[in-house]
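**Student:** mmCIF, C-alpha atoms, saved as final.cif, coming up:
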data_work
loop_
_atom_site.label_atom_id
_atom_site.label_comp_id
_atom_site.auth_asym_id
_atom_site.auth_seq_id
_atom_site.Cartn_x
_atom_site.Cartn_y
_atom_site.Cartn_z
CA MET A 1199 -11.33 -47.33 -56.45
CA ASP A 1200 -13.27 -47.20 -53.22
CA ILE A 1201 -14.27 -43.56 -53.09
CA ALA A 1202 -15.61 -43.89 -49.55
CA ASN A 1203 -12.38 -45.38 -48.28
CA SER A 1204 -10.38 -42.85 -50.33
CA SER A 1205 -12.31 -39.94 -48.90
CA ASN A 1206 -11.90 -41.33 -45.42
CA SER A 1207 -8.16 -41.62 -45.87
CA VAL A 1208 -7.98 -37.96 -46.91
CA LEU A 1209 -10.24 -36.62 -44.14
CA ASN A 1210 -8.83 -38.83 -41.40
CA PRO A 1211 -5.17 -39.55 -42.10
CA PRO A 1212 -3.32 -41.93 -39.82
CA ILE A 1213 -2.26 -40.21 -36.58
CA ASP A 1214 1.23 -41.03 -35.43
CA SER A 1215 2.88 -40.17 -32.09
CA TRP A 1216 4.59 -37.06 -33.51
CA ASP A 1217 1.21 -35.58 -34.45
CA VAL A 1218 -0.17 -36.27 -30.98
CA ASN A 1219 2.81 -34.67 -29.25
CA MET A 1220 2.63 -31.60 -31.50
CA PHE A 1221 -1.11 -31.23 -30.83
CA VAL A 1222 -0.52 -31.44 -27.06
CA LEU A 1223 2.26 -28.83 -27.25
CA LEU A 1224 0.13 -26.44 -29.29
CA LEU A 1225 -2.83 -26.88 -26.94
CA ALA A 1226 -0.62 -26.27 -23.88
CA ALA A 1227 0.85 -23.15 -25.49
CA PHE A 1228 -2.63 -21.83 -26.24
CA LEU A 1229 -3.85 -22.46 -22.70
CA LEU A 1230 -0.77 -20.88 -21.12
CA ASN A 1231 -1.08 -17.84 -23.37
CA SER A 1232 -4.78 -17.50 -22.53
CA SER A 1233 -4.01 -17.69 -18.80
CA PHE A 1234 -1.27 -15.08 -19.19
CA ILE A 1235 -3.61 -12.71 -21.02
CA GLN A 1236 -6.28 -13.15 -18.35
CA ALA A 1237 -3.76 -12.64 -15.56
CA LYS A 1238 -2.49 -9.43 -17.15
CA ASN A 1239 -6.04 -8.08 -17.19
CA GLY A 1240 -6.90 -9.28 -13.68
CA VAL A 1241 -6.71 -12.33 -11.44
CA THR A 1242 -8.39 -15.41 -12.91
CA SER A 1243 -11.44 -16.62 -11.01
CA SER A 1244 -9.86 -20.01 -10.34
CA ARG A 1245 -7.13 -18.29 -8.33
CA LEU A 1246 -9.48 -16.25 -6.17
CA ALA A 1247 -10.49 -17.02 -2.63
CA THR A 1248 -14.17 -17.64 -1.89
CA PRO A 1249 -16.47 -14.74 -0.88
CA PRO A 1250 -16.10 -13.93 2.82
CA MET A 1251 -18.85 -14.63 5.31
CA GLY A 1252 -21.34 -11.79 5.52
CA THR A 1253 -21.16 -10.86 1.81
CA ARG A 1254 -24.35 -9.02 0.80
CA LYS A 1255 -23.40 -7.86 -2.71
CA THR A 1256 -20.63 -8.50 -5.23
CA ILE A 1257 -19.27 -6.00 -7.77
CA LYS A 1258 -16.85 -6.74 -10.61
CA GLY A 1259 -14.52 -3.89 -11.56
CA SER A 1260 -13.33 -3.02 -15.06
CA ASN A 1261 -9.81 -4.17 -14.15
CA GLY A 1262 -11.00 -7.64 -13.15
CA ASP A 1263 -11.14 -6.95 -9.41
CA ILE A 1264 -14.05 -8.57 -7.62
CA ILE A 1265 -15.37 -6.56 -4.68
CA ASP A 1266 -17.52 -8.19 -2.02
CA CYS A 1267 -19.71 -5.86 0.04
CA VAL A 1268 -19.39 -7.44 3.48
CA ASP A 1269 -21.40 -6.76 6.62
CA ILE A 1270 -19.35 -4.24 8.59
CA TYR A 1271 -19.51 -6.43 11.70
CA ARG A 1272 -18.20 -9.48 9.79
CA GLN A 1273 -14.97 -7.90 8.54
CA PRO A 1274 -11.71 -9.80 9.24
CA ALA A 1275 -10.40 -7.63 12.11
CA LEU A 1276 -13.61 -8.19 14.11
CA ILE A 1277 -13.88 -11.96 13.66
CA ASN A 1278 -13.25 -13.74 16.99
CA SER A 1279 -12.71 -10.36 18.61
CA SER A 1280 -14.44 -8.61 21.48
CA HIS A 1281 -13.60 -5.20 20.02
CA SER A 1282 -16.51 -2.76 19.95
CA ILE A 1283 -16.50 -0.91 16.64
CA GLN A 1284 -16.13 2.89 16.63
CA MET A 1285 -18.35 4.03 13.75
CA LYS A 1286 -16.89 7.55 13.46
CA PRO A 1287 -14.00 9.51 14.96
CA SER A 1288 -14.56 11.91 17.83
CA PHE A 1289 -12.85 14.64 15.75
CA TYR A 1290 -12.34 15.60 12.10
CA PRO A 1291 -8.99 16.92 10.84
CA GLU A 1292 -8.77 20.22 8.98
CA GLY A 1293 -10.78 20.11 5.75
CA THR A 1294 -12.46 16.75 6.37
CA ARG A 1295 -16.14 15.88 6.75
CA PRO A 1296 -18.13 12.79 7.72
CA SER A 1297 -17.87 10.38 4.78
CA HIS A 1298 -21.60 9.96 4.12
CA HIS A 1299 -21.85 13.66 3.18
CA LEU A 1300 -19.36 13.42 0.33
CA PRO A 1301 -19.08 11.50 -2.94
CA ALA A 1302 -16.01 9.37 -3.53
CA LYS A 1303 -13.08 11.62 -4.54
CA LEU A 1304 -10.60 8.78 -4.92
CA ARG A 1305 -11.54 6.82 -8.02
CA GLN A 1306 -11.05 3.07 -7.85
CA PRO A 1307 -11.96 0.93 -10.90
CA TRP A 1308 -14.80 -0.99 -9.24
CA GLN A 1309 -16.71 2.19 -8.32
CA LYS A 1310 -17.88 2.59 -11.94
CA HIS A 1311 -19.92 -0.60 -11.62
CA GLY A 1312 -21.75 -0.17 -8.34
CA ARG A 1313 -21.62 0.87 -4.73
CA CYS A 1314 -21.64 -1.04 -1.49
CA PRO A 1315 -24.79 -0.41 0.58
CA HIS A 1316 -24.69 1.23 3.98
CA GLY A 1317 -23.78 -1.18 6.73
CA THR A 1318 -21.21 -2.94 4.51
CA ILE A 1319 -17.61 -2.34 3.51
CA PRO A 1320 -15.90 -3.17 0.19
CA ILE A 1321 -13.42 -6.04 0.43
CA ARG A 1322 -11.42 -7.05 -2.63
CA ARG A 1323 -11.40 -10.78 -3.20
CA LYS A 1324 -7.71 -11.67 -3.04
CA PRO A 1325 -5.95 -14.39 -5.03
CA LYS A 1326 -4.96 -17.57 -3.27
CA THR A 1327 -1.34 -17.42 -2.19
CA PRO A 1328 0.64 -20.55 -3.16
CA PRO A 1329 1.53 -22.57 -0.03
CA SER A 1330 5.22 -22.45 -0.99
CA VAL A 1331 5.33 -18.63 -0.89
CA LYS A 1332 6.43 -17.08 2.37
CA LEU A 1333 4.99 -13.57 2.55
CA LYS A 1334 7.08 -10.83 4.10
CA ARG A 1335 6.31 -7.22 4.91
CA ALA A 1336 9.74 -6.38 6.22
CA LEU A 1337 10.78 -3.51 8.45
CA PRO A 1338 14.30 -2.29 9.17
CA SER A 1339 15.85 -3.56 12.38
CA LYS A 1340 14.30 -1.85 15.39
CA PRO A 1341 17.35 0.08 16.66
CA ALA A 1342 17.66 1.81 13.29
CA PHE A 1343 14.43 3.73 13.68
CA ALA A 1344 12.79 3.20 17.07
CA THR A 1345 14.43 4.71 20.14
CA ASN A 1346 13.46 6.51 23.30
CA GLU A 1347 16.19 9.08 22.73
CA TYR A 1348 15.83 12.35 20.88
CA HIS A 1349 17.03 11.22 17.46
CA GLN A 1350 18.89 13.87 15.45
CA ASP A 1351 20.16 11.95 12.45
CA GLY A 1352 17.34 13.27 10.29
CA PRO A 1353 16.63 11.71 6.90
CA GLN A 1354 18.60 8.57 6.26
CA TRP A 1355 18.87 5.41 4.21
CA LEU A 1356 18.20 2.28 6.19
CA TYR A 1357 18.71 -1.17 4.79
CA SER A 1358 19.31 -4.74 5.79
CA ASP A 1359 19.69 -7.03 2.82
CA PRO A 1360 17.48 -7.50 0.86
CA TYR A 1361 15.40 -4.64 2.32
CA VAL A 1362 16.03 -1.08 1.13
CA THR A 1363 14.36 2.09 2.32
CA THR A 1364 14.83 5.81 2.14
CA GLY A 1365 13.13 7.44 5.11
CA TYR A 1366 12.63 10.93 6.45
CA TYR A 1367 11.28 12.04 9.76
CA PRO A 1368 11.03 15.42 11.47
CA LEU A 1369 12.49 16.14 14.89
CA THR A 1370 9.13 16.00 16.67
CA TRP A 1371 9.77 13.64 19.58
CA PRO A 1372 7.85 13.54 21.89
CA GLY A 1373 4.20 14.40 21.26
CA ASN A 1374 3.42 13.38 17.71
CA TYR A 1375 -0.29 12.65 17.38
CA GLY A 1376 -0.57 12.17 13.64
CA ALA A 1377 0.60 13.36 10.25
CA ARG A 1378 -0.52 14.29 6.76
CA ALA A 1379 0.98 14.09 3.27
CA MET A 1380 0.17 13.92 -0.43
CA LEU A 1381 1.59 10.66 -1.80
CA ASN A 1382 2.36 10.62 -5.53
CA VAL A 1383 1.18 7.28 -7.03
CA TRP A 1384 3.23 5.30 -9.58
CA LYS A 1385 3.46 1.76 -10.91
CA PRO A 1386 7.06 0.60 -10.35
CA LYS A 1387 8.28 -2.67 -11.79
CA VAL A 1388 9.38 -5.47 -9.48
CA ALA A 1389 11.83 -8.20 -10.48
CA ARG A 1390 9.82 -11.09 -9.05
CA SER A 1391 6.24 -11.59 -7.92
CA THR A 1392 7.45 -12.03 -4.32
CA ASP A 1393 9.22 -8.62 -4.34
CA TRP A 1394 7.45 -5.41 -3.42
CA SER A 1395 7.87 -1.68 -3.89
CA GLN A 1396 5.98 0.89 -1.83
CA VAL A 1397 5.76 4.39 -0.39
CA ASN A 1398 4.22 5.03 2.99
CA MET A 1399 3.79 7.19 6.03
CA LEU A 1400 4.92 5.35 9.14
CA PHE A 1401 4.50 5.95 12.90
CA ILE A 1402 6.65 4.41 15.61
CA ALA A 1403 6.49 4.31 19.41
CA ASP A 1404 8.95 2.58 21.74
CA ASP A 1405 8.28 1.79 25.39
CA GLY A 1406 12.00 1.84 26.25
CA ASP A 1407 11.99 -1.85 27.06
CA GLU A 1408 12.62 -3.46 23.65
CA ASN A 1409 8.92 -3.30 22.75
CA TYR A 1410 7.51 -1.11 20.01
CA SER A 1411 4.44 -0.54 17.84
CA VAL A 1412 4.42 0.61 14.22
CA LEU A 1413 1.60 1.50 11.86
CA ASN A 1414 1.88 2.59 8.26
CA VAL A 1415 -0.25 3.56 5.29
CA GLY A 1416 0.52 4.16 1.62
CA TRP A 1417 0.47 2.33 -1.68
CA ILE A 1418 2.28 -0.85 -2.64
CA VAL A 1419 2.98 -3.04 -5.69
CA TYR A 1420 3.12 -6.65 -4.45
CA PRO A 1421 2.11 -9.17 -7.15
CA VAL A 1422 2.12 -12.37 -5.09
CA VAL A 1423 -0.34 -10.88 -2.59
CA TYR A 1424 -2.62 -8.87 -4.87
CA GLY A 1425 -2.34 -10.92 -8.06
CA ASP A 1426 -1.17 -8.13 -10.38
CA ASP A 1427 1.30 -5.26 -10.70
CA MET A 1428 -1.07 -2.39 -9.87
CA PRO A 1429 -0.39 0.07 -7.03
CA ARG A 1430 -2.84 -0.58 -4.21
CA LEU A 1431 -3.93 1.24 -1.06
CA SER A 1432 -2.34 -0.61 1.85
CA VAL A 1433 -2.10 -0.44 5.63
CA CYS A 1434 -0.05 -2.45 8.14
CA ALA A 1435 0.56 -2.67 11.87
CA THR A 1436 3.47 -4.18 13.79
CA THR A 1437 3.72 -4.92 17.51
CA LEU A 1438 6.28 -7.15 19.20
CA TYR A 1439 7.83 -7.96 15.80
CA LYS A 1440 4.57 -9.37 14.41
CA THR A 1441 3.13 -7.66 11.34
CA LYS A 1442 -0.43 -7.79 10.01
CA CYS A 1443 -1.69 -5.92 6.98
CA ASP A 1444 -4.84 -4.54 5.41
CA LEU A 1445 -8.10 -5.68 7.00
CA ASP A 1446 -6.34 -8.14 9.30
CA CYS A 1447 -5.11 -5.17 11.35
CA PHE A 1448 -7.56 -2.42 10.42
CA VAL A 1449 -11.26 -1.77 11.11
CA GLN A 1450 -12.93 -0.16 8.10
CA THR A 1451 -16.05 2.00 8.46
CA ASN A 1452 -16.26 3.55 4.98
CA ASN A 1453 -18.36 1.89 2.26
CA GLN A 1454 -16.83 3.82 -0.66
CA TYR A 1455 -13.11 3.02 -0.61
CA GLY A 1456 -11.52 -0.39 -0.34
CA ILE A 1457 -8.27 -1.17 1.48
CA GLY A 1458 -6.17 -3.18 -0.98
CA ASP A 1459 -7.98 -1.78 -4.02
CA ALA A 1460 -6.17 -0.48 -7.10
CA LEU A 1461 -5.14 3.16 -7.53
CA ASN A 1462 -4.65 4.95 -10.83
CA PRO A 1463 -0.91 5.57 -11.37
CA SER A 1464 0.74 8.75 -12.65
CA THR A 1465 1.86 9.21 -16.25
CA PHE A 1466 5.49 10.03 -17.07
CA ASN A 1467 5.60 13.70 -18.08
CA GLY A 1468 1.79 13.72 -17.86
CA PRO A 1469 -1.04 13.84 -15.32
CA GLN A 1470 0.06 13.10 -11.77
CA SER A 1471 -1.97 10.92 -9.40
CA GLU A 1472 -1.94 11.68 -5.67
CA ILE A 1473 -3.65 10.46 -2.53
CA ASP A 1474 -4.14 12.84 0.38
CA VAL A 1475 -3.53 10.79 3.54
CA VAL A 1476 -4.12 11.82 7.16
CA VAL A 1477 -3.45 9.58 10.17
CA ARG A 1478 -4.42 10.88 13.59
CA LEU A 1479 -4.75 9.57 17.13
CA ASP A 1480 -8.23 9.76 18.60
CA LYS A 1481 -7.37 10.66 22.20
CA THR A 1482 -10.83 9.61 23.39
CA THR A 1483 -10.47 5.97 22.29
CA ALA A 1484 -6.70 5.68 21.58
CA ASN A 1485 -7.57 4.37 18.10
CA TRP A 1486 -5.55 5.72 15.16
CA TRP A 1487 -7.87 6.98 12.41
CA LEU A 1488 -7.11 7.03 8.68
CA PHE A 1489 -8.51 9.68 6.33
CA VAL A 1490 -8.04 9.47 2.55
CA GLN A 1491 -9.13 12.29 0.25
CA ASP A 1492 -10.73 14.03 3.25
CA GLN A 1493 -12.90 11.05 4.20
CA ALA A 1494 -12.68 8.80 7.25
CA ILE A 1495 -11.81 5.27 6.10
CA GLY A 1496 -11.44 3.48 9.43
CA TYR A 1497 -8.87 2.94 12.15
CA TRP A 1498 -6.18 0.79 13.73
CA PRO A 1499 -7.64 -0.40 17.07
CA ASN A 1500 -5.63 0.61 20.13
CA GLU A 1501 -5.12 -3.04 21.09
CA THR A 1502 -3.42 -3.63 17.72
CA VAL A 1503 -0.76 -0.96 18.35
CA PRO A 1504 -0.81 -0.59 22.16
CA ILE A 1505 2.47 1.30 22.52
CA LEU A 1506 1.14 4.03 20.20
CA GLN A 1507 -1.84 4.83 22.45
CA TYR A 1508 -0.12 7.94 23.85
CA GLY A 1509 1.33 9.18 20.56
CA ALA A 1510 4.27 8.43 18.28
CA ASP A 1511 7.96 9.02 18.92
CA PHE A 1512 8.65 9.38 15.19
CA VAL A 1513 6.91 9.72 11.87
CA TYR A 1514 8.53 8.68 8.60
CA TRP A 1515 7.70 9.43 4.99
CA ARG A 1516 9.58 6.94 2.86
CA GLY A 1517 9.87 4.82 -0.23
CA ASP A 1518 11.18 1.28 0.06
CA ILE A 1519 11.53 -2.04 -1.71
CA TYR A 1520 11.94 -5.62 -0.62
CA GLY A 1521 13.56 -8.24 -2.80
CA ASP A 1522 15.93 -8.19 -5.72
CA ARG A 1523 17.63 -4.81 -6.02
CA ILE A 1524 18.47 -5.67 -9.63
CA GLY A 1525 15.32 -4.90 -11.58
CA THR A 1526 13.07 -3.75 -8.72
CA GLN A 1527 12.18 -0.08 -9.05
CA MET A 1528 11.33 2.40 -6.32
CA GLY A 1529 8.84 5.21 -6.89
CA SER A 1530 8.50 5.96 -10.61
CA GLY A 1531 11.63 3.99 -11.48
CA TYR A 1532 13.53 7.22 -12.13
CA PHE A 1533 16.05 8.97 -9.90
CA ALA A 1534 14.84 11.79 -7.67
CA ASP A 1535 16.69 14.56 -9.51
CA LYS A 1536 14.48 14.06 -12.59
CA GLY A 1537 11.97 16.22 -10.72
CA PHE A 1538 8.24 16.74 -11.01
CA GLY A 1539 6.34 14.63 -13.52
CA LYS A 1540 9.17 12.10 -13.80
CA ALA A 1541 10.28 11.20 -10.28
CA ALA A 1542 7.98 10.14 -7.46
CA TYR A 1543 7.41 12.64 -4.66
CA ILE A 1544 5.76 13.27 -1.32
CA ARG A 1545 4.55 16.79 -0.55
CA GLY A 1546 2.54 18.67 2.05
CA MET A 1547 4.26 16.82 4.89
CA LYS A 1548 2.74 17.87 8.23
CA TYR A 1549 2.69 16.52 11.73
CA ILE A 1550 -0.11 16.97 14.27
CA ASN A 1551 0.90 18.41 17.63
CA GLY A 1552 -0.65 18.01 21.06
CA SER A 1553 -3.31 20.66 20.45
CA GLY A 1554 -4.44 18.95 17.23
CA ALA A 1555 -2.96 21.54 14.86
CA GLU A 1556 -1.31 20.46 11.61
CA VAL A 1557 2.24 21.85 11.40
CA LEU A 1558 3.77 22.14 7.93
CA LEU A 1559 7.38 20.97 7.88
CA LYS A 1560 10.14 23.15 6.50
CA MET A 1561 13.60 22.38 5.19
CA GLU A 1562 15.20 23.15 8.54
CA ASP A 1563 13.15 20.34 10.10
CA PHE A 1564 15.23 17.83 8.16
CA SER A 1565 18.94 17.03 8.15
CA GLU A 1566 20.71 14.97 5.50
CA THR A 1567 22.95 11.97 6.03
CA SER A 1568 24.99 9.74 3.72
CA ASN A 1569 23.30 7.65 1.02
CA ASN A 1570 24.49 4.03 0.95
CA LEU A 1571 22.88 3.04 -2.35
CA ALA A 1572 22.93 6.21 -4.44
CA ALA A 1573 23.71 4.23 -7.59
CA CYS A 1574 20.41 2.34 -7.23
CA TYR A 1575 17.97 4.74 -5.51
CA ASN A 1576 18.31 8.29 -4.25
CA TYR A 1577 16.40 11.24 -2.81
CA TRP A 1578 16.25 14.97 -3.28
CA PHE A 1579 14.54 17.86 -1.53
CA ASN A 1580 13.02 20.80 -3.36
CA SER A 1581 11.42 23.60 -1.39
CA ASN A 1582 9.73 26.93 -1.94
CA ASN A 1583 8.08 29.43 0.36
CA ILE A 1584 5.01 27.22 0.67
CA ASP A 1585 6.00 23.58 0.73
CA VAL A 1586 8.79 20.98 0.77
CA LEU A 1587 8.79 18.30 -1.92
CA PHE A 1588 10.61 15.09 -1.13
CA PHE A 1589 11.56 13.34 -4.39
CA TYR A 1590 12.78 9.76 -4.15
CA GLY A 1591 13.28 6.54 -6.12
CA GLY A 1592 15.37 4.87 -8.78
CA PRO A 1593 15.61 2.00 -11.27
CA GLY A 1594 17.38 -0.43 -8.97
CA CYS A 1595 20.97 -1.66 -9.06
CA GLU A 1596 22.85 -2.81 -12.11
CA ALA A 1597 23.86 -6.45 -12.39
#
When written as structure tokens, how does the structure in this file appear?
**Tutor:**
Amino acid sequence: MDIANSSNSVLNPPIDSWDVNMFVLLLAAFLLNSSFIQAKNGVTSSRLATPPMGTRKTIKGSNGDIIDCVDIYRQPALINSSHSIQMKPSFYPEGTRPSHHLPAKLRQPWQKHGRCPHGTIPIRRKPKTPPSVKLKRALPSKPAFATNEYHQDGPQWLYSDPYVTTGYYPLTWPGNYGARAMLNVWKPKVARSTDWSQVNMLFIADDGDENYSVLNVGWIVYPVVYGDDMPRLSVCATTLYKTKCDLDCFVQTNNQYGIGDALNPSTFNGPQSEIDVVVRLDKTTANWWLFVQDQAIGYWPNETVPILQYGADFVYWRGDIYGDRIGTQMGSGYFADKGFGKAAYIRGMKYINGSGAEVLLKMEDFSETSNNLAACYNYWFNSNNIDVLFFYGGPGCEA
């Protein structure tokens, strides 16, 4: 017996086509599973865009986010623009201070691993969007929420398939120069990566001639844009039916917080996560400034939202979703009447009047209307002698 040949036949048996196919299938399954695991923990590097021009430092967060510290003058909103940057507001709202005097109060995962130097801003490296995906940051049809008449319908549900929103605004027209609110942060599920769920504070001005400007700020879950299912700080601006978001419409001046960065969500029946958001018109420059956790983050340039340069006609606080109503949650995914710790809420809703004072809204400042999708999402007010809590949300519609 040829031991060498015998050993060889045992160690290297003949390979037939079935063995090859099985090996390929197992290898593919392993690779797919590895990619899935990496994607759940953060966007894979192969799917990320390249570092932007002007990057001076790069920080990797514990959640997989990659933050590029970019020269403040090389940020997206200033590229190919003649806009002269306003480094700080000409005012500070109640309780706020210049950002360089305060440590970061809003914790974002990347902050544990470094800090962007002065003269730069943190920009999260976004995933590449597949060419076949058409991104949409929808708004309700203009007549539903932008008018030059004194609107008295109060809180209402607005929707145009497949967009759903529950919105509230006070009767403050005209002369609204900003607003403030505490936005409760959750991590709602969306049915598809191209669907989104968000809560925001929104300002609208109409020139009476079919033109309007809108700006909004809040948090959003939008997997196809951000590469995961985490709630993220988001801003948008719309003028003449064209919408831009995040640093494409916003000039950032703060080196501690990142627009588009992840936020820690609340825990059901546990600790609640909030962001304190103030938006206010700088009457000196007509720019709209954003403050988060008492720090100036940056602003929407007046040329981005030109019809808002004299103030807003309306302010909304709202939760909304875009996409498949079956399986896409709003807020915490629970109905509003579940209350604190279970349902998402907005509290401390104030508007800023012509003298710059923050006016706390009361129950009588709102009026209720019919709810068109109460079986899918709803809202509920709870008030005391100090504040009004607006609870909202739901699990989506049943099949």
**Student:** If you count all atoms listed in the file, which residues fall within 12 Å of Val1397 (chain A), apart from same-chain ones fewer than 2 positions away, as a short mmCIF file (atom, residue, chain, number, x, y, z; two decimals) with C-alpha atoms, in the coordinates of the input?
**Tutor:**
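part09.cif was written with the following content:
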data_model
loop_
_atom_site.label_atom_id
_atom_site.label_comp_id
_atom_site.auth_asym_id
_atom_site.auth_seq_id
_atom_site.Cartn_x
_atom_site.Cartn_y
_atom_site.Cartn_z
CA VAL A 1362 16.03 -1.08 1.13
CA THR A 1363 14.36 2.09 2.32
CA THR A 1364 14.83 5.81 2.14
CA GLY A 1365 13.13 7.44 5.11
CA TYR A 1366 12.63 10.93 6.45
CA ALA A 1379 0.98 14.09 3.27
CA MET A 1380 0.17 13.92 -0.43
CA LEU A 1381 1.59 10.66 -1.80
CA ASN A 1382 2.36 10.62 -5.53
CA VAL A 1383 1.18 7.28 -7.03
CA TRP A 1384 3.23 5.30 -9.58
CA LYS A 1385 3.46 1.76 -10.91
CA PRO A 1386 7.06 0.60 -10.35
CA TRP A 1394 7.45 -5.41 -3.42
CA SER A 1395 7.87 -1.68 -3.89
CA MET A 1399 3.79 7.19 6.03
CA LEU A 1400 4.92 5.35 9.14
CA ASN A 1414 1.88 2.59 8.26
CA VAL A 1415 -0.25 3.56 5.29
CA GLY A 1416 0.52 4.16 1.62
CA TRP A 1417 0.47 2.33 -1.68
CA ILE A 1418 2.28 -0.85 -2.64
CA VAL A 1419 2.98 -3.04 -5.69
CA PRO A 1429 -0.39 0.07 -7.03
CA ARG A 1430 -2.84 -0.58 -4.21
CA LEU A 1431 -3.93 1.24 -1.06
CA SER A 1432 -2.34 -0.61 1.85
CA VAL A 1433 -2.10 -0.44 5.63
CA GLU A 1472 -1.94 11.68 -5.67
CA ILE A 1473 -3.65 10.46 -2.53
CA VAL A 1475 -3.53 10.79 3.54
CA TYR A 1514 8.53 8.68 8.60
CA TRP A 1515 7.70 9.43 4.99
CA ARG A 1516 9.58 6.94 2.86
CA GLY A 1517 9.87 4.82 -0.23
CA ASP A 1518 11.18 1.28 0.06
CA ILE A 1519 11.53 -2.04 -1.71
CA TYR A 1520 11.94 -5.62 -0.62
CA GLN A 1527 12.18 -0.08 -9.05
CA MET A 1528 11.33 2.40 -6.32
CA GLY A 1529 8.84 5.21 -6.89
CA SER A 1530 8.50 5.96 -10.61
CA ALA A 1542 7.98 10.14 -7.46
CA TYR A 1543 7.41 12.64 -4.66
CA ILE A 1544 5.76 13.27 -1.32
CA PHE A 1588 10.61 15.09 -1.13
CA PHE A 1589 11.56 13.34 -4.39
CA TYR A 1590 12.78 9.76 -4.15
CA GLY A 1591 13.28 6.54 -6.12
#
**Student:** Selected by the PyMOL selection byres ((chain A and resi 1275-1284) around 8) in the shown coordinates: which residues, as an mmCIF file with C-alpha atoms, in the frame of the given file?
**Tutor:**
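File written: part-v9.cif
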data_model
loop_
_atom_site.group_PDB
_atom_site.id
_atom_site.type_symbol
_atom_site.label_atom_id
_atom_site.label_comp_id
_atom_site.auth_asym_id
_atom_site.auth_seq_id
_atom_site.Cartn_x
_atom_site.Cartn_y
_atom_site.Cartn_z
ATOM 1 C CA TYR A 1271 -19.510 -6.430 11.700
ATOM 2 C CA ARG A 1272 -18.200 -9.480 9.790
ATOM 3 C CA GLN A 1273 -14.970 -7.900 8.540
ATOM 4 C CA PRO A 1274 -11.710 -9.800 9.240
ATOM 5 C CA MET A 1285 -18.350 4.030 13.750
ATOM 6 C CA LYS A 1286 -16.890 7.550 13.460
ATOM 7 C CA PRO A 1287 -14.000 9.510 14.960
ATOM 8 C CA LEU A 1445 -8.100 -5.680 7.000
ATOM 9 C CA ASP A 1446 -6.340 -8.140 9.300
ATOM 10 C CA CYS A 1447 -5.110 -5.170 11.350
ATOM 11 C CA PHE A 1448 -7.560 -2.420 10.420
ATOM 12 C CA VAL A 1449 -11.260 -1.770 11.110
#
**Student:** Which one is closest to Asp1444 (chain A): A:Ala1534, A:Ile1457, A:Ala1573, A:Cys1314? Count all atoms listed in the file.
**Tutor:**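 Nearest candidate to Asp1444 (chain A) out of A:Ala1534, A:Ile1457, A:Ala1573, A:Cys1314: A:Ile1457.
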**Student:** Distance CA of Leu1461 (chain A)-CA of Gly1546 (chain A), one decimal place?
**Tutor:**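 According to the coordinates, CA of Leu1461 (chain A) and CA of Gly1546 (chain A) are separated by 19.8 Å.
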**Student:** Starting from the PyMOL selection byres ((chain A and resi 1476-1493) around 6), expand the selection into actual residues of this file and give them as a PyMOL selection string.
**Tutor:** chain A and resi 1294+1297+1375-1378+1474-1475+1494-1500+1507
**Student:** Rounded to one decimal in Å, what is the spacing between CA of Ser1260 (chain A) and CA of Trp1308 (chain A)?
**Tutor:**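 A separation of 6.3 Å between them.
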**Student:** For Pro1325 (chain A), which of A:Glu1556, A:Asp1407, A:Glu1562, A:Asp1426 is the closest residue, counting only C-alpha atoms?
**Tutor:**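 Smallest distance to Pro1325 (chain A) is found for A:Asp1426.
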**Student:** I'd like the interatomic distance between CA of Asn1374 (chain A) and CA of Leu1506 (chain A), to a tenth of an Å.
**Tutor:**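 So the answer is 9.9 Å.
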**Student:** A:Arg1322, A:His1316, A:Lys1258, A:Lys1310: which is nearest Gly1456 (chain A), counting all atoms listed in the file?
**Tutor:**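 Of A:Arg1322, A:His1316, A:Lys1258, A:Lys1310, the one nearest Gly1456 (chain A), counting all atoms listed in the file, is A:Arg1322.
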**Student:** Do you know which residues lie at most 10 Å from (-15.5, -10.5, -6.4), with coordinates as in the file and all atoms listed in the file counted, and could you write them as a ChimeraX atom specification?
**Tutor:** /A:1243,1246-1250,1253,1255-1259,1262-1267,1308,1320-1324
**Student:** Using the chain letters and numbers from the file, which residues does the PyMOL selection byres ((chain A and resi 1412) around 12) grab, as an MDAnalysis selection string?
**Tutor:** chainID A and resid 1336:1338 1340 1343:1344 1399:1405 1409:1411 1413:1415 1433:1443 1447 1486 1498 1500 1502:1507 1509:1514
**Student:** Quick one: residues within 7 Å of Asp1393 (chain A), only C-alpha atoms counted, chain neighbours fewer than 3 positions away excluded, as a ChimeraX atom specification?
**Tutor:** /A:1388-1390,1420,1520-1522
